[in-house]
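As stored in final.pdb (PDB, C-alpha atoms):
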```pdb
ATOM      1  CA  MET A   1     -43.690  38.550 -35.596
ATOM      2  CA  SER A   2     -43.166  39.138 -31.934
ATOM      3  CA  SER A   3     -41.391  35.892 -31.128
ATOM      4  CA  HIS A   4     -37.775  35.838 -30.090
ATOM      5  CA  VAL A   5     -35.338  34.546 -32.628
ATOM      6  CA  ASN A   6     -32.230  32.538 -31.885
ATOM      7  CA  THR A   7     -29.290  34.415 -33.401
ATOM      8  CA  VAL A   8     -25.526  34.116 -33.415
ATOM      9  CA  ARG A   9     -22.720  36.190 -34.855
ATOM     10  CA  PRO A  10     -22.054  35.266 -38.491
ATOM     11  CA  GLY A  11     -18.938  33.213 -39.039
ATOM     12  CA  LEU A  12     -16.061  34.244 -41.282
ATOM     13  CA  PHE A  13     -17.295  32.371 -44.371
ATOM     14  CA  ARG A  14     -20.830  33.782 -44.097
ATOM     15  CA  HIS A  15     -19.456  37.281 -43.502
ATOM     16  CA  LEU A  16     -17.191  37.036 -46.563
ATOM     17  CA  MET A  17     -20.019  35.733 -48.748
ATOM     18  CA  VAL A  18     -22.251  38.639 -47.710
ATOM     19  CA  MET A  19     -19.432  41.001 -48.709
ATOM     20  CA  VAL A  20     -19.032  39.301 -52.103
ATOM     21  CA  TYR A  21     -22.773  39.443 -52.863
ATOM     22  CA  ASP A  22     -23.017  43.066 -51.767
ATOM     23  CA  LEU A  23     -19.897  44.027 -53.709
ATOM     24  CA  LEU A  24     -21.457  42.713 -56.921
ATOM     25  CA  LEU A  25     -24.625  44.722 -56.278
ATOM     26  CA  LEU A  26     -22.655  47.809 -55.266
ATOM     27  CA  LEU A  27     -20.514  47.630 -58.416
ATOM     28  CA  SER A  28     -23.619  47.559 -60.592
ATOM     29  CA  SER A  29     -24.983  50.580 -58.691
ATOM     30  CA  LEU A  30     -21.686  52.412 -59.167
ATOM     31  CA  LEU A  31     -21.705  51.607 -62.894
ATOM     32  CA  LEU A  32     -25.193  53.083 -63.192
ATOM     33  CA  ALA A  33     -24.144  56.141 -61.172
ATOM     34  CA  THR A  34     -21.111  56.585 -63.433
ATOM     35  CA  PHE A  35     -23.272  56.261 -66.538
ATOM     36  CA  LEU A  36     -25.534  59.040 -65.237
ATOM     37  CA  ILE A  37     -22.586  61.373 -64.597
ATOM     38  CA  VAL A  38     -20.982  60.665 -67.974
ATOM     39  CA  ALA A  39     -24.334  61.259 -69.684
ATOM     40  CA  ALA A  40     -24.756  64.533 -67.783
ATOM     41  CA  ASN A  41     -21.219  65.462 -68.871
ATOM     42  CA  GLY A  42     -22.199  65.207 -72.532
ATOM     43  CA  GLY A  43     -20.644  61.771 -72.956
ATOM     44  CA  GLU A  44     -17.189  63.018 -71.981
ATOM     45  CA  ALA A  45     -15.103  60.920 -69.616
ATOM     46  CA  ILE A  46     -14.598  62.125 -66.067
ATOM     47  CA  GLY A  47     -10.990  63.032 -65.297
ATOM     48  CA  GLN A  48      -9.013  60.371 -63.472
ATOM     49  CA  GLY A  49      -8.763  61.148 -59.761
ATOM     50  CA  ASN A  50     -11.452  63.841 -59.921
ATOM     51  CA  PRO A  51     -12.188  64.475 -56.211
ATOM     52  CA  PHE A  52     -15.830  65.405 -56.879
ATOM     53  CA  PHE A  53     -16.404  62.175 -58.780
ATOM     54  CA  ILE A  54     -14.735  60.132 -56.032
ATOM     55  CA  ALA A  55     -16.902  61.869 -53.415
ATOM     56  CA  TYR A  56     -19.962  61.171 -55.577
ATOM     57  CA  LEU A  57     -19.143  57.450 -55.755
ATOM     58  CA  ILE A  58     -18.594  57.323 -51.991
ATOM     59  CA  LEU A  59     -21.957  59.053 -51.500
ATOM     60  CA  VAL A  60     -23.658  56.549 -53.819
ATOM     61  CA  SER A  61     -22.033  53.718 -51.841
ATOM     62  CA  PHE A  62     -23.249  55.191 -48.555
ATOM     63  CA  ILE A  63     -26.779  55.598 -49.899
ATOM     64  CA  PHE A  64     -26.694  51.978 -51.118
ATOM     65  CA  TYR A  65     -25.724  50.569 -47.721
ATOM     66  CA  GLY A  66     -27.509  53.188 -45.621
ATOM     67  CA  TRP A  67     -30.855  52.670 -47.305
ATOM     68  CA  PHE A  68     -30.751  48.903 -46.842
ATOM     69  CA  TRP A  69     -29.524  49.146 -43.251
ATOM     70  CA  THR A  70     -32.204  51.672 -42.259
ATOM     71  CA  HIS A  71     -34.988  49.868 -44.119
ATOM     72  CA  GLY A  72     -35.035  46.408 -42.606
ATOM     73  CA  GLY A  73     -31.434  45.990 -41.472
ATOM     74  CA  GLN A  74     -30.378  43.864 -44.448
ATOM     75  CA  THR A  75     -28.700  44.389 -47.781
ATOM     76  CA  LEU A  76     -29.592  41.874 -50.478
ATOM     77  CA  GLY A  77     -26.412  39.937 -49.728
ATOM     78  CA  MET A  78     -27.305  39.904 -46.049
ATOM     79  CA  ARG A  79     -30.803  38.672 -46.880
ATOM     80  CA  ALA A  80     -29.423  35.817 -48.994
ATOM     81  CA  TRP A  81     -27.186  34.701 -46.117
ATOM     82  CA  ARG A  82     -29.738  35.466 -43.324
ATOM     83  CA  VAL A  83     -27.548  38.108 -41.701
ATOM     84  CA  PHE A  84     -29.107  41.122 -39.983
ATOM     85  CA  LEU A  85     -27.756  44.440 -38.773
ATOM     86  CA  ILE A  86     -29.195  45.227 -35.365
ATOM     87  CA  SER A  87     -28.878  48.317 -33.202
ATOM     88  CA  ALA A  88     -27.535  47.861 -29.662
ATOM     89  CA  THR A  89     -30.822  49.335 -28.396
ATOM     90  CA  ASN A  90     -32.841  46.763 -30.384
ATOM     91  CA  ASN A  91     -34.348  49.584 -32.434
ATOM     92  CA  PRO A  92     -34.039  49.805 -36.207
ATOM     93  CA  VAL A  93     -30.703  51.204 -37.356
ATOM     94  CA  ASN A  94     -30.956  54.956 -37.949
ATOM     95  CA  TRP A  95     -29.140  57.084 -40.535
ATOM     96  CA  GLN A  96     -26.588  58.331 -37.989
ATOM     97  CA  GLN A  97     -25.639  54.763 -37.084
ATOM     98  CA  ALA A  98     -25.558  53.828 -40.768
ATOM     99  CA  PHE A  99     -23.214  56.740 -41.499
ATOM    100  CA  LEU A 100     -20.909  55.862 -38.586
ATOM    101  CA  ARG A 101     -20.855  52.200 -39.602
ATOM    102  CA  PHE A 102     -20.102  53.083 -43.226
ATOM    103  CA  ALA A 103     -17.364  55.623 -42.396
ATOM    104  CA  VAL A 104     -15.681  53.400 -39.814
ATOM    105  CA  SER A 105     -15.896  50.429 -42.190
ATOM    106  CA  ILE A 106     -13.874  52.347 -44.773
ATOM    107  CA  ILE A 107     -11.295  53.290 -42.146
ATOM    108  CA  SER A 108     -11.268  49.706 -40.833
ATOM    109  CA  TRP A 109     -10.079  48.347 -44.167
ATOM    110  CA  LEU A 110      -7.107  50.714 -44.418
ATOM    111  CA  PRO A 111      -4.808  48.859 -41.964
ATOM    112  CA  LEU A 112      -5.184  45.549 -43.874
ATOM    113  CA  GLY A 113      -8.737  45.114 -42.631
ATOM    114  CA  LEU A 114      -7.717  45.107 -38.966
ATOM    115  CA  GLY A 115     -10.935  46.831 -37.899
ATOM    116  CA  ILE A 116     -12.990  44.083 -39.505
ATOM    117  CA  TRP A 117     -10.758  41.197 -38.391
ATOM    118  CA  TRP A 118     -10.928  42.587 -34.845
ATOM    119  CA  GLN A 119     -14.226  40.766 -34.301
ATOM    120  CA  TYR A 120     -12.379  37.463 -34.594
ATOM    121  CA  LEU A 121      -9.463  38.624 -32.436
ATOM    122  CA  GLY A 122     -11.070  40.680 -29.660
ATOM    123  CA  LYS A 123     -12.794  39.252 -26.618
ATOM    124  CA  ASP A 124     -16.046  41.178 -27.209
ATOM    125  CA  LYS A 125     -16.403  39.746 -30.759
ATOM    126  CA  ALA A 126     -17.158  43.203 -32.171
ATOM    127  CA  SER A 127     -15.574  44.884 -35.184
ATOM    128  CA  TRP A 128     -14.668  48.576 -35.072
ATOM    129  CA  PRO A 129     -17.810  49.483 -37.071
ATOM    130  CA  ASP A 130     -19.915  47.443 -34.614
ATOM    131  CA  THR A 131     -18.465  49.205 -31.599
ATOM    132  CA  LEU A 132     -18.474  52.772 -32.889
ATOM    133  CA  SER A 133     -21.934  52.642 -34.493
ATOM    134  CA  ALA A 134     -23.594  50.696 -31.652
ATOM    135  CA  THR A 135     -24.753  48.036 -34.111
ATOM    136  CA  SER A 136     -23.912  44.391 -34.670
ATOM    137  CA  LEU A 137     -24.333  41.688 -37.269
ATOM    138  CA  HIS A 138     -26.316  38.584 -36.391
ATOM    139  CA  TYR A 139     -27.117  35.388 -38.230
ATOM    140  CA  SER A 140     -30.582  33.894 -37.880
ATOM    141  CA  LYS A 141     -30.827  30.138 -38.241
ATOM    142  CA  ASP A 142     -34.566  30.557 -38.810
ATOM    143  CA  SER A 143     -34.944  31.930 -42.331
ATOM    144  CA  HIS A 144     -38.547  33.004 -41.764
ATOM    145  CA  LYS A 145     -38.054  35.369 -38.839
ATOM    146  CA  LYS A 146     -36.097  38.580 -38.560
ATOM    147  CA  PRO A 147     -34.408  39.303 -35.233
ATOM    148  CA  LEU A 148     -34.569  43.080 -35.703
ATOM    149  CA  SER A 149     -35.968  44.687 -32.543
ATOM    150  CA  ARG A 150     -36.754  41.283 -31.075
ATOM    151  CA  LEU A 151     -33.623  40.298 -29.169
ATOM    152  CA  SER A 152     -34.607  41.576 -25.736
TER     153      SER A 152
END
```

Would you write the structure of this file as C-alpha cells?
Amino acid sequence: MSSHVNTVRPGLFRHLMVMVYDLLLLLSSLLLATFLIVAANGGEAIGQGNPFFIAYLILVSFIFYGWFWTHGGQTLGMRAWRVFLISATNNPVNWQQAFLRFAVSIISWLPLGLGIWWQYLGKDKASWPDTLSATSLHYSKDSHKKPLSRLS
C-alpha cells in the first residue's frame, strides 16, 4: 500500500464517537484489570482512593491506548470510524509520543476539556496532545487504505 491517501481532520461528531467506542473498550479492560487485582488480594476489596490502585488503572489505560497507537495507529474505536493517529514525521507513533499524548490528554480534560476543544478554536487545528506529542488525528474517506506513513 504505497499510494497516497486523501485524509482530513476528523470532525467533532466523528471524534466524539471514537471516544465513546474507546471508552466502552477501556472500561471493559479496567474491569478485567480490577478483577485481577481483587483476585490477587484474596477477594478483598481495594480501599477507596488507594493511590497504588489508581496508578495501576492509569497504567492499564496507558497500555491500552499506547499499544494500539504504536501498533497501527488506531484503537478499535478509531478503526470503526476510520480515524488514524499519525506522527508529524510520517513514521509510526512511538512509545514516547504515545506517553506524551496520553499524559497531555489527561491534563487537557482538566480545564473543561479546553486542550481537546482547542483544535476547533485554534488556527492550527491542533489539540494540546497533538501539538506536544507531534502527532495528529486524521480521517480517511477511503476505508481500505491507511494513511500511516503515507502522507508525504

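Going from atom CA of A:Val8 to atom CA of A:Val83 covers 9.4 Å.
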
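We find atom CA of A:Val38 and atom CA of A:Met19 to be spaced 27.6 Å apart.
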
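Picture a line from atom CA of A:Tyr56 to atom CA of A:Val93; it runs 23.4 Å.
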
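Protein and nucleic acid residues near (-30.0, 37.2, -44.2) are A:Gln74, A:Leu76, A:Gly77, A:Met78, A:Arg79, A:Ala80, A:Trp81, A:Arg82, A:Val83, A:Phe84, A:Tyr139, A:Ser140, A:Ser143, the criterion being any atom at most 8 Å away using all atoms listed in the file.
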
> Could you spell out the hits of the PyMOL selection byres ((chain A and resi 60-68) around 9) on the shown file, as a ChimeraX atom specification?
Replying inline: /A:22,26,29-30,33,55-59,69-76,94-95,97-99,102-103

> Looking at all atoms listed in the file, which of A:Pro111, A:Asp142, A:Ser105, A:Asn41 is the one that sits closest to A:Trp128?
Replying inline: A:Ser105

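Of the listed residues A:Leu112, A:Ile106, A:Leu85, A:Val20, the one whose atoms come nearest to A:Asp130 is A:Leu85, with distances taken using all atoms listed in the file.
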
For the file shown, report as a compact mmCIF listing (two decimals) with C-alpha atoms, in the frame of the given file the outcome of the PyMOL selection byres ((chain A and resi 115) around 12) at residue level.
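Output contents, as saved in part_38.txt:
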```txt
# COMPACT_ATOMS: atom_id res chain seq x y z
CA ARG A 101 -20.86 52.20 -39.60
CA ALA A 103 -17.36 55.62 -42.40
CA VAL A 104 -15.68 53.40 -39.81
CA SER A 105 -15.90 50.43 -42.19
CA ILE A 106 -13.87 52.35 -44.77
CA ILE A 107 -11.30 53.29 -42.15
CA SER A 108 -11.27 49.71 -40.83
CA TRP A 109 -10.08 48.35 -44.17
CA LEU A 110 -7.11 50.71 -44.42
CA PRO A 111 -4.81 48.86 -41.96
CA LEU A 112 -5.18 45.55 -43.87
CA GLY A 113 -8.74 45.11 -42.63
CA LEU A 114 -7.72 45.11 -38.97
CA ILE A 116 -12.99 44.08 -39.51
CA TRP A 117 -10.76 41.20 -38.39
CA TRP A 118 -10.93 42.59 -34.84
CA GLN A 119 -14.23 40.77 -34.30
CA TYR A 120 -12.38 37.46 -34.59
CA LEU A 121 -9.46 38.62 -32.44
CA GLY A 122 -11.07 40.68 -29.66
CA LYS A 125 -16.40 39.75 -30.76
CA ALA A 126 -17.16 43.20 -32.17
CA SER A 127 -15.57 44.88 -35.18
CA TRP A 128 -14.67 48.58 -35.07
CA PRO A 129 -17.81 49.48 -37.07
CA ASP A 130 -19.92 47.44 -34.61
CA THR A 131 -18.46 49.20 -31.60
CA LEU A 132 -18.47 52.77 -32.89
```
